[in-house]
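Data first, discussion second: the structure below is written as structure tokens.
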Amino acid sequence: MFAVGSHDGKIYVYETQGFSLLGVCKGHSAAITCIDFSSDGTYLRSVCNAYELLFFRIPDCVQDPSGASNTAGTEWDSAHAKFGWLVDGIFPKGTDGSHINSVDMNEDQTLIATGDDYGLINLFRNPCRLGSKPRSFRAHSEHVVRVRFGCKNFGHWLWSVGGYDQTLMQWKRK
């Protein structure tokens with residue numbers, strides 16, 4: 001399966017054999033910013049521009065209003081949602097959350113990276129609780145629109161993309 005988040009606030013879920021539409025997840029009130037599948041493929045979580053974290057059962061695409069509680073012990077195949085149990089502490093005190101543009105977790109799930117409006121790449125230990133202090137790195141001129149960890153042979157690498165400077169940077173973990 002793969003999912004496409006749209007500006008209409010819906011998520012379109014397709015199967016990859018024939019690329020036919022399996023279903024549409026409805027419930028968000030703004031454009032979708034990120035989607036994560038559970039490792040077993042039974043859940044999807046998503047965040048939109050209205051800061052809604054919603055959960056959907058897959059493949060029927062039905063919203064689970066108790067998804068945050070029902071998936072507390074769930075292993076996720078990716079970790080791009082900026083809201084949730086493991087990322088509570090990524091927002092500095094006194095901010096509204098709009099300055100965090102991207103979130104990712106490394107493959108062994110020990111580190112969380114964020115990219116923000118201040119041009120910073122921030123690294124946190126997982127889980128990131130309230131009051132956690134990141135290691136922050138500056139290289140982009142302004143907002144960082146995307147951060148992604150490598151996988152398998154590239155597990156010690158982090159990539160970041162700057163919005164204003166339109167630069168792709170790679171970072172190597174020692």
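Please note that chains go A, B, ... in the order of the structure tokens, that every chain numbers its residues from 1, and that ligands are numbered from 1 in the order shown.
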Do you know which residues are at most 12 Å from region 83-100 of chain A counting only C-alpha atoms, after dropping those on the same chain fewer than 6 positions away, and could you put them as a ChimeraX atom specification? /A:33-36,45-55,67-69,71-76,109-136,142-147
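Backbone DSSP assigns helix (DSSP H, G or I) in region 16-167 of chain A to Gly67, Ala68, Ser69, Asn70, Trp85, Leu86, Val87, Lys152, Asn153 and Phe154 of chain A.
Counting only C-alpha atoms and comparing A:Asp40, A:Asp77, A:Lys10, A:Cys61, the residue that lies closest to Gly23 (chain A) is A:Cys61.
Near region 1-4 of chain A, within 7 Å and counting only C-alpha atoms, sit Ser6, Ile11, Tyr12, Val13, Tyr14, Glu15 and Thr16 of chain A, not including residues fewer than 2 positions from it in the same chain.
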Write out as a VMD selection string all residues of region 55-159 of chain A that DSSP puts in strand (DSSP E) for this structure's backbone. chain A and resid 55 to 57 62 to 63 100 to 105 111 to 116 120 to 125 135 to 138 144 to 149 157 to 159
Go ahead and dump the residues you just picked, N, CA and C atoms, as a compact mmCIF listing (two decimals), in the first residue's frame.
```txt
# COMPACT_ATOMS: atom_id res chain seq x y z
N PHE A 55 -6.00 9.15 13.37
CA PHE A 55 -5.65 7.76 13.17
C PHE A 55 -6.74 7.07 12.36
N PHE A 56 -6.33 6.22 11.42
CA PHE A 56 -7.28 5.50 10.57
C PHE A 56 -6.91 4.03 10.55
N ARG A 57 -7.94 3.19 10.58
CA ARG A 57 -7.73 1.75 10.43
C ARG A 57 -7.60 1.44 8.94
N VAL A 62 -11.29 3.79 7.97
CA VAL A 62 -12.20 4.36 8.95
C VAL A 62 -11.39 5.04 10.05
N GLN A 63 -11.79 6.27 10.40
CA GLN A 63 -11.09 7.00 11.45
C GLN A 63 -11.34 6.35 12.80
N ILE A 100 8.01 23.99 13.49
CA ILE A 100 8.58 22.68 13.18
C ILE A 100 8.00 22.23 11.84
N ASN A 101 8.87 22.06 10.84
CA ASN A 101 8.43 21.74 9.49
C ASN A 101 8.55 20.27 9.14
N SER A 102 9.45 19.56 9.81
CA SER A 102 9.69 18.18 9.44
C SER A 102 10.23 17.41 10.64
N VAL A 103 9.84 16.14 10.71
CA VAL A 103 10.28 15.24 11.78
C VAL A 103 10.64 13.90 11.16
N ASP A 104 11.69 13.27 11.67
CA ASP A 104 12.02 11.91 11.25
C ASP A 104 12.74 11.21 12.40
N MET A 105 12.66 9.89 12.39
CA MET A 105 13.33 9.07 13.40
C MET A 105 14.28 8.12 12.67
N LEU A 111 17.13 8.19 17.74
CA LEU A 111 17.22 9.63 17.53
C LEU A 111 16.01 10.16 16.78
N ILE A 112 15.63 11.38 17.13
CA ILE A 112 14.57 12.11 16.43
C ILE A 112 15.20 13.39 15.88
N ALA A 113 14.98 13.66 14.61
CA ALA A 113 15.48 14.90 14.00
C ALA A 113 14.30 15.78 13.63
N THR A 114 14.49 17.09 13.79
CA THR A 114 13.49 18.05 13.33
C THR A 114 14.18 19.13 12.50
N GLY A 115 13.43 19.70 11.58
CA GLY A 115 13.87 20.86 10.82
C GLY A 115 12.89 21.98 11.12
N ASP A 116 13.40 23.20 11.35
CA ASP A 116 12.50 24.27 11.78
C ASP A 116 12.63 25.55 10.95
N LEU A 120 17.42 25.56 11.67
CA LEU A 120 18.10 24.59 12.53
C LEU A 120 17.67 23.16 12.24
N ILE A 121 18.65 22.27 12.36
CA ILE A 121 18.39 20.84 12.43
C ILE A 121 18.61 20.48 13.89
N ASN A 122 17.60 19.90 14.51
CA ASN A 122 17.66 19.56 15.94
C ASN A 122 17.64 18.05 16.11
N LEU A 123 18.53 17.53 16.93
CA LEU A 123 18.56 16.10 17.24
C LEU A 123 18.19 15.87 18.69
N PHE A 124 17.24 14.98 18.90
CA PHE A 124 16.77 14.61 20.24
C PHE A 124 16.95 13.12 20.41
N ARG A 125 17.11 12.70 21.66
CA ARG A 125 17.06 11.27 21.96
C ARG A 125 15.59 10.85 22.02
N ARG A 135 20.46 18.75 20.48
CA ARG A 135 21.71 19.24 19.89
C ARG A 135 21.26 19.89 18.60
N SER A 136 21.57 21.16 18.43
CA SER A 136 21.09 21.92 17.27
C SER A 136 22.26 22.29 16.37
N PHE A 137 22.00 22.22 15.06
CA PHE A 137 23.00 22.52 14.06
C PHE A 137 22.42 23.51 13.06
N ARG A 138 23.20 24.54 12.73
CA ARG A 138 22.74 25.54 11.77
C ARG A 138 23.60 25.44 10.51
N VAL A 144 14.05 25.03 7.34
CA VAL A 144 14.40 23.69 6.88
C VAL A 144 13.08 22.99 6.60
N VAL A 145 12.85 22.65 5.34
CA VAL A 145 11.55 22.08 4.98
C VAL A 145 11.48 20.56 5.16
N ARG A 146 12.65 19.87 5.16
CA ARG A 146 12.60 18.43 5.28
C ARG A 146 13.89 17.91 5.91
N VAL A 147 13.75 16.92 6.79
CA VAL A 147 14.87 16.14 7.33
C VAL A 147 14.53 14.66 7.17
N ARG A 148 15.51 13.87 6.77
CA ARG A 148 15.31 12.42 6.65
C ARG A 148 16.60 11.69 6.98
N PHE A 149 16.46 10.66 7.80
CA PHE A 149 17.58 9.78 8.10
C PHE A 149 17.71 8.76 6.98
N TRP A 157 23.61 8.66 8.29
CA TRP A 157 23.46 9.91 7.54
C TRP A 157 22.09 10.53 7.79
N LEU A 158 22.08 11.85 7.79
CA LEU A 158 20.84 12.63 7.85
C LEU A 158 20.90 13.63 6.71
N TRP A 159 19.80 13.77 6.00
CA TRP A 159 19.72 14.75 4.92
C TRP A 159 18.74 15.84 5.33
```
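Straight-line separation from CA of Phe37 (chain A) to CA of Val24 (chain A): 14.6 Å.
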